[in-house]
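Q: The structure file run_39.cif (mmCIF, C-alpha atoms) is provided below.
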```cif
data_my_file
#
loop_
_atom_site.label_atom_id
_atom_site.label_comp_id
_atom_site.auth_asym_id
_atom_site.auth_seq_id
_atom_site.Cartn_x
_atom_site.Cartn_y
_atom_site.Cartn_z
CA ASP A 1 148.46 72.65 97.77
CA ALA A 2 146.64 73.07 94.48
CA LYS A 3 144.13 70.38 93.61
CA THR A 4 143.61 68.72 90.27
CA THR A 5 140.58 67.45 88.38
CA GLN A 6 140.81 64.53 85.97
CA PRO A 7 138.18 62.48 84.15
CA PRO A 8 137.72 59.16 85.95
CA SER A 9 138.21 57.04 82.85
CA MET A 10 139.15 57.15 79.18
CA ASP A 11 139.51 54.68 76.34
CA CYS A 12 142.08 54.79 73.57
CA ALA A 13 142.67 52.59 70.54
CA GLU A 14 146.02 50.85 70.36
CA GLY A 15 148.48 52.78 68.18
CA ARG A 16 146.60 56.03 68.52
CA ALA A 17 147.59 59.01 70.63
CA ALA A 18 146.16 59.13 74.14
CA ASN A 19 145.46 62.66 75.39
CA LEU A 20 144.81 62.84 79.11
CA PRO A 21 143.54 66.20 80.42
CA CYS A 22 144.03 67.72 83.85
CA ASN A 23 142.61 70.88 85.35
CA HIS A 24 144.56 72.71 88.03
CA SER A 25 142.95 76.14 88.09
CA THR A 26 144.31 77.07 91.55
CA ILE A 27 147.93 76.29 90.77
CA SER A 28 150.48 78.67 92.25
CA GLY A 29 153.40 80.22 90.41
CA ASN A 30 156.01 77.92 91.94
CA GLU A 31 154.09 74.67 91.61
CA TYR A 32 155.12 72.07 89.09
CA VAL A 33 152.75 69.70 87.29
CA TYR A 34 153.74 66.04 87.70
CA TRP A 35 152.35 62.98 85.96
CA TYR A 36 152.66 59.47 87.30
CA ARG A 37 150.98 56.25 86.32
CA GLN A 38 150.21 53.09 88.21
CA ILE A 39 149.84 49.80 86.45
CA HIS A 40 147.75 47.31 88.38
CA SER A 41 149.41 46.02 91.57
CA GLN A 42 152.63 47.96 91.00
CA GLY A 43 154.15 51.11 92.48
CA PRO A 44 153.57 54.38 90.62
CA GLN A 45 155.91 55.19 87.74
CA TYR A 46 157.18 58.70 87.08
CA ILE A 47 156.31 59.94 83.60
CA ILE A 48 157.09 63.63 83.25
CA HIS A 49 156.84 67.00 84.95
CA GLY A 50 156.90 70.66 83.97
CA LEU A 51 156.49 74.21 85.23
CA LYS A 52 155.24 76.28 82.32
CA ASN A 53 157.01 75.14 79.18
CA ASN A 54 155.93 72.09 77.24
CA GLU A 55 158.06 69.06 77.97
CA THR A 56 158.83 65.87 76.07
CA ASN A 57 160.70 62.74 76.99
CA GLU A 58 160.87 59.17 75.77
CA MET A 59 157.57 58.30 77.41
CA ALA A 60 155.28 61.24 76.77
CA SER A 61 154.71 64.91 76.09
CA LEU A 62 153.29 67.42 78.53
CA ILE A 63 151.41 70.41 77.20
CA ILE A 64 150.71 73.17 79.74
CA THR A 65 148.38 76.02 78.83
CA GLU A 66 149.74 79.53 78.91
CA ASP A 67 147.69 80.42 82.01
CA ARG A 68 148.87 77.14 83.61
CA LYS A 69 145.35 76.28 84.69
CA SER A 70 145.31 73.02 82.76
CA SER A 71 147.58 70.54 81.09
CA THR A 72 147.46 67.51 78.81
CA LEU A 73 149.59 64.42 78.92
CA ILE A 74 150.09 62.90 75.48
CA LEU A 75 151.12 59.31 74.87
CA PRO A 76 151.88 59.50 71.14
CA HIS A 77 151.33 55.84 70.24
CA ALA A 78 149.46 54.03 72.98
CA THR A 79 150.06 50.33 73.49
CA LEU A 80 148.18 47.78 75.58
CA ARG A 81 150.92 48.12 78.21
CA ASP A 82 149.96 51.76 78.71
CA THR A 83 146.70 50.67 80.34
CA ALA A 84 146.99 52.15 83.84
CA VAL A 85 145.72 54.81 86.23
CA TYR A 86 147.29 58.17 85.38
CA TYR A 87 147.73 60.74 88.12
CA CYS A 88 148.19 64.47 87.59
CA ILE A 89 149.65 66.16 90.68
CA VAL A 90 150.77 69.71 91.34
CA ASN A 91 153.63 70.22 93.75
CA PRO A 92 155.87 73.10 94.74
CA SER A 93 159.53 72.47 93.94
CA SER A 94 160.68 74.27 97.03
CA ASN A 95 159.56 71.60 99.46
CA THR A 96 160.72 68.04 99.92
CA GLY A 97 158.62 66.67 97.11
CA LYS A 98 155.51 65.62 99.00
CA LEU A 99 152.85 64.33 96.59
CA ILE A 100 149.15 64.11 97.28
CA PHE A 101 147.42 61.67 94.95
CA GLY A 102 143.87 62.18 93.69
CA GLN A 103 141.75 59.54 92.00
CA GLY A 104 143.45 59.82 88.61
CA THR A 105 142.24 58.73 85.19
CA THR A 106 141.96 55.05 84.34
CA LEU A 107 143.16 54.73 80.76
CA GLN A 108 142.09 51.59 78.95
CA VAL A 109 143.96 50.96 75.72
CA LYS A 110 141.95 48.67 73.48
CA PRO A 111 143.19 46.54 70.58
CA GLY B 1 168.82 54.93 87.12
CA ALA B 2 166.58 55.97 90.04
CA VAL B 3 165.64 52.47 91.12
CA VAL B 4 163.83 51.85 94.39
CA SER B 5 163.34 48.43 95.91
CA GLN B 6 161.11 47.13 98.67
CA HIS B 7 161.36 44.00 100.73
CA PRO B 8 159.42 41.86 101.17
CA SER B 9 157.13 42.08 98.16
CA TRP B 10 154.38 40.37 100.09
CA VAL B 11 153.90 39.16 103.65
CA ILE B 12 151.25 37.27 105.59
CA CYS B 13 151.26 37.54 109.36
CA LYS B 14 149.10 36.74 112.35
CA SER B 15 147.14 39.40 114.15
CA GLY B 16 149.15 40.96 116.97
CA THR B 17 152.57 40.46 115.41
CA SER B 18 154.86 43.14 113.97
CA VAL B 19 156.02 43.37 110.40
CA LYS B 20 158.99 45.32 109.05
CA ILE B 21 159.12 46.60 105.46
CA GLU B 22 162.35 47.88 103.95
CA CYS B 23 162.69 50.54 101.28
CA ARG B 24 166.01 51.07 99.51
CA SER B 25 167.22 53.53 96.90
CA LEU B 26 169.62 51.41 94.84
CA ASP B 27 171.49 53.93 92.72
CA PHE B 28 171.04 57.27 94.44
CA GLN B 29 170.94 58.76 97.89
CA ALA B 30 167.64 59.97 99.26
CA THR B 31 167.53 62.36 102.18
CA THR B 32 163.75 62.13 102.07
CA MET B 33 161.58 59.07 101.66
CA PHE B 34 157.83 58.74 101.81
CA TRP B 35 155.50 55.96 102.88
CA TYR B 36 152.07 55.45 101.32
CA ARG B 37 149.24 53.01 101.85
CA GLN B 38 146.74 51.94 99.24
CA PHE B 39 143.53 50.02 99.83
CA PRO B 40 141.79 48.14 97.00
CA LYS B 41 140.26 50.38 94.34
CA GLN B 42 141.50 53.49 96.13
CA SER B 43 144.26 55.99 95.48
CA LEU B 44 147.54 56.20 97.36
CA MET B 45 147.34 57.80 100.78
CA LEU B 46 150.45 59.45 102.17
CA MET B 47 151.25 58.12 105.64
CA ALA B 48 154.49 59.85 106.57
CA THR B 49 157.58 61.69 105.41
CA SER B 50 160.89 60.21 106.50
CA ASN B 51 164.02 62.33 106.68
CA GLU B 52 167.42 60.75 107.17
CA GLY B 53 168.66 61.17 110.71
CA SER B 54 165.51 62.74 112.10
CA LYS B 55 162.05 61.76 113.25
CA ALA B 56 159.42 61.06 110.65
CA THR B 57 156.53 63.44 110.07
CA TYR B 58 153.19 61.68 110.09
CA GLU B 59 150.05 62.73 108.26
CA GLN B 60 146.93 63.46 110.24
CA GLY B 61 145.21 60.31 111.40
CA VAL B 62 148.27 58.07 111.10
CA GLU B 63 149.40 56.66 114.45
CA LYS B 64 153.13 57.14 114.88
CA ASP B 65 153.35 54.50 117.60
CA LYS B 66 151.72 51.93 115.37
CA PHE B 67 153.66 52.68 112.19
CA LEU B 68 157.28 53.06 113.24
CA ILE B 69 159.56 54.62 110.66
CA ASN B 70 163.34 54.58 110.75
CA HIS B 71 165.51 56.32 108.17
CA ALA B 72 168.97 55.41 109.38
CA SER B 73 170.89 55.96 106.15
CA LEU B 74 170.60 57.81 102.87
CA THR B 75 169.56 54.63 101.09
CA LEU B 76 167.35 52.82 103.59
CA SER B 77 164.08 53.52 105.36
CA THR B 78 162.02 50.96 107.25
CA LEU B 79 158.35 50.89 108.17
CA THR B 80 157.32 48.61 111.03
CA VAL B 81 153.64 47.86 111.46
CA THR B 82 153.33 47.02 115.15
CA SER B 83 150.63 44.82 116.64
CA ALA B 84 149.12 44.30 113.22
CA HIS B 85 145.37 43.86 112.84
CA PRO B 86 143.37 42.65 109.84
CA GLU B 87 142.40 46.24 109.01
CA ASP B 88 146.11 46.99 108.47
CA SER B 89 146.04 44.67 105.48
CA SER B 90 146.94 46.88 102.55
CA PHE B 91 149.46 47.68 99.82
CA TYR B 92 152.34 49.68 101.30
CA ILE B 93 154.47 51.71 98.91
CA CYS B 94 157.56 53.78 99.56
CA SER B 95 159.12 56.48 97.45
CA CYS B 96 162.47 58.22 97.45
CA TYR B 97 162.97 61.86 96.59
CA LEU B 98 165.80 62.59 94.16
CA GLN B 99 167.01 66.12 94.68
CA GLY B 100 168.27 67.80 91.56
CA GLN B 101 165.48 66.18 89.58
CA GLU B 102 162.89 67.21 92.17
CA THR B 103 161.15 63.91 91.50
CA GLN B 104 159.93 60.99 93.59
CA TYR B 105 160.65 57.46 92.49
CA PHE B 106 158.50 54.68 93.85
CA GLY B 107 159.18 51.18 95.01
CA PRO B 108 157.20 48.20 93.71
CA GLY B 109 155.13 47.98 96.89
CA THR B 110 154.61 45.45 99.66
CA ARG B 111 151.33 43.64 100.02
CA LEU B 112 150.49 42.91 103.66
CA LEU B 113 147.81 40.47 104.71
CA VAL B 114 147.05 40.18 108.42
CA LEU B 115 145.08 37.12 109.43
#
```
Just dump the structure as structure tokens.

A:
Amino acid sequence: DAKTTQPPSMDCAEGRAANLPCNHSTISGNEYVYWYRQIHSQGPQYIIHGLKNNETNEMASLIITEDRKSSTLILPHATLRDTAVYYCIVNPSSNTGKLIFGQGTTLQVKP
Amino acid sequence: GAVVSQHPSWVICKSGTSVKIECRSLDFQATTMFWYRQFPKQSLMLMATSNEGSKATYEQGVEKDKFLINHASLTLSTLTVTSAHPEDSSFYICSCYLQGQETQYFGPGTRLLVL
């Protein structure tokens, strides 16, 4: 499975966009990029996933570079409730969905 | 949609006893469920993959006789921690795989404290 690299922590001002980067330089052609977040003492929450096209939903946008070696999760207007650990995971769609979590990025949204 | 529940949300037990944790997909069927464990200030660690009607597949280093997994229906998987010890104290989280969306949805977790 491809591995990912994320900065350990980031700060963001409330109301501003939060841009969380992820490197996945060894990603294979059939592997999707998934983003989850975990708010303290809760189970992880699915945010978004994509293969090669940019994706947007009600929570966030996912921008994947053309070579697919990196991606950025964008929270357009961060709120204090977005403070969490954000995990970027690559996973092939052909299997049963097994996810291997790294250390993620701790995003602190500040007032 | 895609709601997963766990029961209990927290449990305290004595060393040597067994504890059962339930994981349910409430509004979809899940042929595959996963069990994770998370220690304080650490990331989630996958323990096992549970497929409905078959034996679970355990990750390396996870004792299958200690962590019994049963996936008897498409909406329920159980994890039983047998002969619990204080070092088994942890946050146990399940997830259910929703085919079609190719996405895992997680339960709220169960906090286990073994005294």

Q: Here's the selection I'm unsure about, the PyMOL selection byres ((chain A) within 6 of (chain B)); applied to the file above, which residues does it give, as a PyMOL selection string?

A: chain A and resi 42-44+101+103

Q: Any idea what's packed within 7 Å of Ala60 of chain A, counting all atoms listed in the file, ignoring anything in its chain fewer than 6 positions away? Could you give it as a list in words?

A: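 Skipping anything fewer than 6 positions along the chain leaves Leu73, Ile74, Leu75 and Pro76 of chain A.
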
Q: How would you write, as a CSV table (one decimal) with C-alpha atoms, in the coordinates of the input, the residues chosen by the PyMOL selection byres ((chain A and resi 8-24) around 6) on this structure?

A:
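That gives us expr.csv:
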```csv
chain,number,residue,atom,x,y,z
A,4,THR,CA,143.6,68.7,90.3
A,5,THR,CA,140.6,67.4,88.4
A,6,GLN,CA,140.8,64.5,86.0
A,7,PRO,CA,138.2,62.5,84.2
A,25,SER,CA,143.0,76.1,88.1
A,26,THR,CA,144.3,77.1,91.6
A,27,ILE,CA,147.9,76.3,90.8
A,69,LYS,CA,145.4,76.3,84.7
A,70,SER,CA,145.3,73.0,82.8
A,71,SER,CA,147.6,70.5,81.1
A,72,THR,CA,147.5,67.5,78.8
A,73,LEU,CA,149.6,64.4,78.9
A,74,ILE,CA,150.1,62.9,75.5
A,75,LEU,CA,151.1,59.3,74.9
A,76,PRO,CA,151.9,59.5,71.1
A,77,HIS,CA,151.3,55.8,70.2
A,78,ALA,CA,149.5,54.0,73.0
A,79,THR,CA,150.1,50.3,73.5
A,105,THR,CA,142.2,58.7,85.2
A,106,THR,CA,142.0,55.0,84.3
A,107,LEU,CA,143.2,54.7,80.8
A,108,GLN,CA,142.1,51.6,79.0
A,109,VAL,CA,144.0,51.0,75.7
A,110,LYS,CA,142.0,48.7,73.5
A,111,PRO,CA,143.2,46.5,70.6
```

Q: List the residues sitting within 8 Å of (146.3, 48.8, 87.5) in the file's frame, using all atoms listed in the file, as a list of chain:residue names.

A: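 The answer, in the requested form, is A:Gln38, A:Ile39, A:His40, A:Ser41, A:Gln42, A:Thr83, A:Ala84, A:Val85.
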
Q: Write out as a PyMOL selection string each polymer residue whose atoms come within 12 Å of Thr57 of chain B, counting only C-alpha atoms; drop sequence neighbours fewer than 3 positions from it.

A: (chain A and resi 96+98) or (chain B and resi 32-35+46-52+54+60-64+67-71)

Q: Run the PyMOL selection byres ((chain A and resi 31) around 6) against the file shown and list the residues it catches, as a PyMOL selection string.

A: chain A and resi 28-30+32+90-92

Q: Using Å and a single decimal, report how far atom CA of Gly97 of chain A sits from atom CA of Ala56 of chain B.

A: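 Distance reported for this atom pair: 14.7 Å.
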